[in-house]
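Structure below is model03.txt: compact mmCIF, C-alpha atoms.
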```txt
# COMPACT_ATOMS: atom_id res chain seq x y z
CA ASN A 1 -26.82 20.43 -56.40
CA VAL A 2 -28.94 23.58 -56.18
CA PRO A 3 -27.42 25.49 -59.13
CA GLU A 4 -27.92 22.54 -61.48
CA PHE A 5 -31.50 22.12 -60.26
CA LEU A 6 -32.24 25.85 -60.69
CA PHE A 7 -30.70 25.91 -64.17
CA ASN A 8 -33.38 23.50 -65.42
CA LEU A 9 -36.35 25.54 -64.18
CA ASP A 10 -38.55 27.97 -66.16
CA CYS A 11 -39.13 30.05 -63.02
CA VAL A 12 -38.88 29.74 -59.26
CA ILE A 13 -40.96 30.90 -56.29
CA LEU A 14 -38.74 31.81 -53.34
CA SER A 15 -39.08 33.50 -49.99
CA GLY A 16 -35.82 35.34 -49.60
CA GLY A 17 -32.50 33.88 -48.55
CA ILE A 18 -29.38 33.07 -50.49
CA THR A 19 -31.21 30.90 -53.04
CA ILE A 20 -32.67 34.03 -54.65
CA PHE A 21 -29.15 35.21 -55.45
CA GLU A 22 -28.22 31.80 -56.83
CA ALA A 23 -31.29 31.92 -59.09
CA LEU A 24 -30.46 35.48 -60.19
CA ILE A 25 -26.88 34.53 -61.05
CA ILE A 26 -28.10 31.57 -63.10
CA GLY A 27 -30.79 33.73 -64.73
CA VAL A 28 -33.94 31.95 -63.57
CA PRO A 29 -36.97 34.29 -63.28
CA VAL A 30 -37.85 34.72 -59.58
CA PHE A 31 -41.24 35.35 -57.96
CA SER A 32 -40.57 36.27 -54.35
CA LEU A 33 -42.53 36.70 -51.17
CA THR A 34 -41.39 36.53 -47.59
CA GLN A 35 -42.54 35.81 -44.08
CA GLU A 36 -39.57 37.69 -42.61
CA TYR A 37 -39.77 41.45 -42.08
CA LYS A 38 -35.98 41.63 -42.34
CA GLU A 39 -36.12 40.48 -46.00
CA VAL A 40 -38.70 43.01 -47.22
CA GLU A 41 -36.20 45.81 -47.89
CA THR A 42 -33.86 43.55 -49.90
CA LEU A 43 -36.69 42.01 -51.93
CA ASN A 44 -38.18 45.45 -52.61
CA LYS A 45 -34.80 46.62 -53.93
CA LEU A 46 -34.46 43.55 -56.15
CA HIS A 47 -37.94 44.27 -57.50
CA ARG A 48 -37.17 47.96 -58.10
CA TYR A 49 -34.12 46.89 -60.13
CA ALA A 50 -36.42 44.54 -62.13
CA LEU A 51 -34.63 41.44 -60.86
CA THR A 52 -37.62 39.76 -59.19
CA GLU A 53 -41.37 39.96 -59.08
CA PHE A 54 -42.06 40.69 -55.38
CA ALA A 55 -45.45 39.99 -53.81
CA GLY A 56 -44.73 41.26 -50.30
CA LEU A 57 -45.13 39.72 -46.89
CA PHE A 58 -46.70 36.29 -46.79
CA GLU A 59 -49.05 37.35 -43.98
CA ASN A 60 -50.54 40.00 -46.29
CA ILE A 61 -51.34 37.61 -49.12
CA GLU A 62 -54.62 38.39 -50.77
CA ASN A 63 -56.26 37.39 -54.01
CA THR A 64 -54.21 40.06 -55.81
CA VAL A 65 -50.99 38.25 -54.86
CA ILE A 66 -52.42 34.93 -55.96
CA ASN A 67 -53.39 36.56 -59.26
CA LYS A 68 -49.87 38.02 -59.59
CA LEU A 69 -48.38 34.59 -59.03
CA ASN A 70 -50.74 33.02 -61.54
CA ASN A 71 -49.78 35.67 -64.12
CA PHE A 72 -46.08 35.11 -63.43
CA ILE A 73 -46.42 31.37 -63.93
CA HIS A 74 -48.47 31.59 -67.12
CA ASP A 75 -47.11 34.77 -68.78
CA VAL A 76 -43.91 33.87 -70.62
CA LYS A 77 -43.22 37.50 -71.55
CA LEU A 78 -43.42 38.57 -67.91
CA ARG A 79 -40.99 35.83 -66.90
CA GLU A 80 -38.67 36.85 -69.75
CA LYS A 81 -38.45 40.29 -68.12
CA TYR A 82 -36.57 38.57 -65.28
CA LEU A 83 -34.85 35.90 -67.36
CA TYR A 84 -31.26 37.05 -67.13
CA GLY A 85 -31.18 38.09 -63.48
CA LEU A 86 -27.71 39.28 -62.51
CA LYS A 87 -25.93 37.92 -65.58
CA PHE A 88 -25.69 41.26 -67.34
CA LEU A 89 -25.45 43.78 -64.49
```
Can you turn what I pasted into structure tokens?
Amino acid sequence: NVPEFLFNLDCVILSGGITIFEALIIGVPVFSLTQEYKEVETLNKLHRYALTEFAGLFENIENTVINKLNNFIHDVKLREKYLYGLKFL
């Protein structure tokens, strides 16, 4: 049961797909990256609306992305920025 599993998480790292929207509806903070060019536009929009932290294409991962991920995991205030996802839109 994916929604029940997501509900019990502090945050989630996802690479696009429908699960991001499930996490946003539940209100789990999402760190996203993708290996699919077709998902970049959608993930950029979600990031611009402050719904996810988006790192970009997986093939472009550098130390800055790893640092962003590390900050997302360890910075409670940053995760709280994304805590409610789509619940209040």
(message) Can you tell me which residues surround Val65 in chain A at a distance of at most 12 Å, considering only C-alpha atoms, apart from same-chain residues fewer than 3 positions away, and format the answer as a PyMOL selection string?
(response) chain A and resi 31-33+53-62+68-72
(message) Just to confirm, what's the straight-line distance from CA of Leu83 in chain A to CA of Glu41 in chain A in Å (one decimal)?
(response)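 These atoms are spaced 21.9 Å apart.
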(request) Go ahead and compute the interatomic distance for CA of Leu9 in chain A and CA of Gly27 in chain A, in Å to one decimal. (result)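 Computing it gives 9.9 Å between the two atoms.
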(message) Set the distance at 8 Å and use all atoms listed in the file: which residues neighbour Ser15 in chain A once local chain neighbours fewer than 2 positions away are removed? I'd like the list as a count of residues only.
(response) 7
(request) Return the single residue from A:Asp10, A:Glu36, A:His47, A:Ile25 that is closest to Glu80 in chain A, with distances computed using all atoms listed in the file. (result)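 Closest to Glu80 in chain A, using all atoms listed in the file: A:Asp10.
Candidate residues A:Asn44, A:Asn1, A:Tyr37, A:Pro29 were compared for distance to Asp75 in chain A, and the nearest is A:Pro29, using only C-alpha atoms.
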Close residues, Ile18 in chain A itself excluded, 12 Å, only C-alpha atoms, min 4 positions apart in chain, as a CSV table (one decimal) with C-alpha atoms, in the frame of the given file:
```csv
chain,number,residue,atom,x,y,z
A,2,VAL,CA,-28.9,23.6,-56.2
A,3,PRO,CA,-27.4,25.5,-59.1
A,14,LEU,CA,-38.7,31.8,-53.3
A,22,GLU,CA,-28.2,31.8,-56.8
A,23,ALA,CA,-31.3,31.9,-59.1
A,24,LEU,CA,-30.5,35.5,-60.2
A,25,ILE,CA,-26.9,34.5,-61.0
A,39,GLU,CA,-36.1,40.5,-46.0
A,42,THR,CA,-33.9,43.6,-49.9
A,43,LEU,CA,-36.7,42.0,-51.9
```
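Interatomic distance, CA of Phe7 in chain A against CA of Lys45 in chain A: 23.5 Å.
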(request) Could you tell me which of A:Ile66, A:Ala50, A:Leu6, A:Leu78 comes closest to Val28 in chain A if we count all atoms listed in the file? (result) A:Leu6
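The smallest atom-to-atom distance between Gly16 in chain A and any of A:Thr64, A:Lys81, A:Leu46, A:Glu4, using all atoms listed in the file, is found for A:Leu46.
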Reconstruct all heavy atoms of range 20-31 of chain A; output as a compact mmCIF listing (two decimals), in the frame of the given file.
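Saved as out_2.txt:
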```txt
# COMPACT_ATOMS: atom_id res chain seq x y z
N ILE A 20 -32.25 33.01 -53.67
CA ILE A 20 -32.67 34.03 -54.65
C ILE A 20 -31.45 34.50 -55.44
O ILE A 20 -31.52 34.64 -56.66
CB ILE A 20 -33.37 35.22 -53.97
CG1 ILE A 20 -34.81 34.83 -53.69
CG2 ILE A 20 -33.31 36.47 -54.82
CD1 ILE A 20 -35.67 35.93 -53.15
N PHE A 21 -30.35 34.73 -54.77
CA PHE A 21 -29.15 35.21 -55.45
C PHE A 21 -28.56 34.14 -56.36
O PHE A 21 -28.06 34.44 -57.44
CB PHE A 21 -28.14 35.75 -54.44
CG PHE A 21 -28.66 36.96 -53.73
CD1 PHE A 21 -29.23 36.85 -52.47
CD2 PHE A 21 -28.63 38.20 -54.34
CE1 PHE A 21 -29.73 37.96 -51.83
CE2 PHE A 21 -29.13 39.32 -53.71
CZ PHE A 21 -29.70 39.19 -52.44
N GLU A 22 -28.66 32.89 -55.95
CA GLU A 22 -28.22 31.80 -56.83
C GLU A 22 -29.08 31.77 -58.10
O GLU A 22 -28.55 31.65 -59.20
CB GLU A 22 -28.33 30.46 -56.10
CG GLU A 22 -27.31 30.28 -55.01
CD GLU A 22 -27.48 28.97 -54.27
OE1 GLU A 22 -28.58 28.69 -53.75
OE2 GLU A 22 -26.49 28.21 -54.21
N ALA A 23 -30.39 31.91 -57.93
CA ALA A 23 -31.29 31.92 -59.09
C ALA A 23 -31.00 33.11 -59.99
O ALA A 23 -30.99 32.99 -61.22
CB ALA A 23 -32.74 31.92 -58.63
N LEU A 24 -30.75 34.28 -59.39
CA LEU A 24 -30.46 35.48 -60.19
C LEU A 24 -29.16 35.33 -60.97
O LEU A 24 -29.07 35.77 -62.12
CB LEU A 24 -30.40 36.71 -59.30
CG LEU A 24 -31.73 37.15 -58.68
CD1 LEU A 24 -31.50 38.29 -57.70
CD2 LEU A 24 -32.74 37.53 -59.75
N ILE A 25 -28.16 34.74 -60.36
CA ILE A 25 -26.88 34.53 -61.05
C ILE A 25 -27.05 33.57 -62.22
O ILE A 25 -26.49 33.78 -63.30
CB ILE A 25 -25.80 34.04 -60.07
CG1 ILE A 25 -25.41 35.19 -59.15
CG2 ILE A 25 -24.59 33.50 -60.80
CD1 ILE A 25 -24.57 34.79 -57.96
N ILE A 26 -27.86 32.54 -62.04
CA ILE A 26 -28.10 31.57 -63.10
C ILE A 26 -29.01 32.16 -64.17
O ILE A 26 -28.90 31.82 -65.35
CB ILE A 26 -28.70 30.28 -62.51
CG1 ILE A 26 -27.63 29.58 -61.67
CG2 ILE A 26 -29.23 29.34 -63.59
CD1 ILE A 26 -28.15 28.48 -60.80
N GLY A 27 -29.89 33.09 -63.78
CA GLY A 27 -30.79 33.73 -64.73
C GLY A 27 -32.18 33.15 -64.75
O GLY A 27 -32.90 33.30 -65.72
N VAL A 28 -32.59 32.51 -63.67
CA VAL A 28 -33.94 31.95 -63.57
C VAL A 28 -34.88 33.06 -63.08
O VAL A 28 -34.59 33.71 -62.08
CB VAL A 28 -33.98 30.76 -62.58
CG1 VAL A 28 -35.38 30.23 -62.43
CG2 VAL A 28 -33.04 29.67 -63.03
N PRO A 29 -36.01 33.29 -63.75
CA PRO A 29 -36.97 34.29 -63.28
C PRO A 29 -37.48 33.93 -61.88
O PRO A 29 -37.84 32.79 -61.61
CB PRO A 29 -38.10 34.22 -64.30
CG PRO A 29 -37.44 33.68 -65.54
CD PRO A 29 -36.41 32.72 -65.03
N VAL A 30 -37.50 34.94 -60.98
CA VAL A 30 -37.85 34.72 -59.58
C VAL A 30 -39.13 35.48 -59.21
O VAL A 30 -39.24 36.68 -59.45
CB VAL A 30 -36.71 35.18 -58.64
CG1 VAL A 30 -37.12 35.06 -57.18
CG2 VAL A 30 -35.44 34.40 -58.92
N PHE A 31 -40.07 34.76 -58.63
CA PHE A 31 -41.24 35.35 -57.96
C PHE A 31 -40.96 35.22 -56.49
O PHE A 31 -40.73 34.11 -56.00
CB PHE A 31 -42.53 34.60 -58.34
CG PHE A 31 -43.77 35.23 -57.79
CD1 PHE A 31 -44.49 36.13 -58.55
CD2 PHE A 31 -44.23 34.92 -56.52
CE1 PHE A 31 -45.64 36.72 -58.06
CE2 PHE A 31 -45.37 35.50 -56.01
CZ PHE A 31 -46.08 36.40 -56.78
```
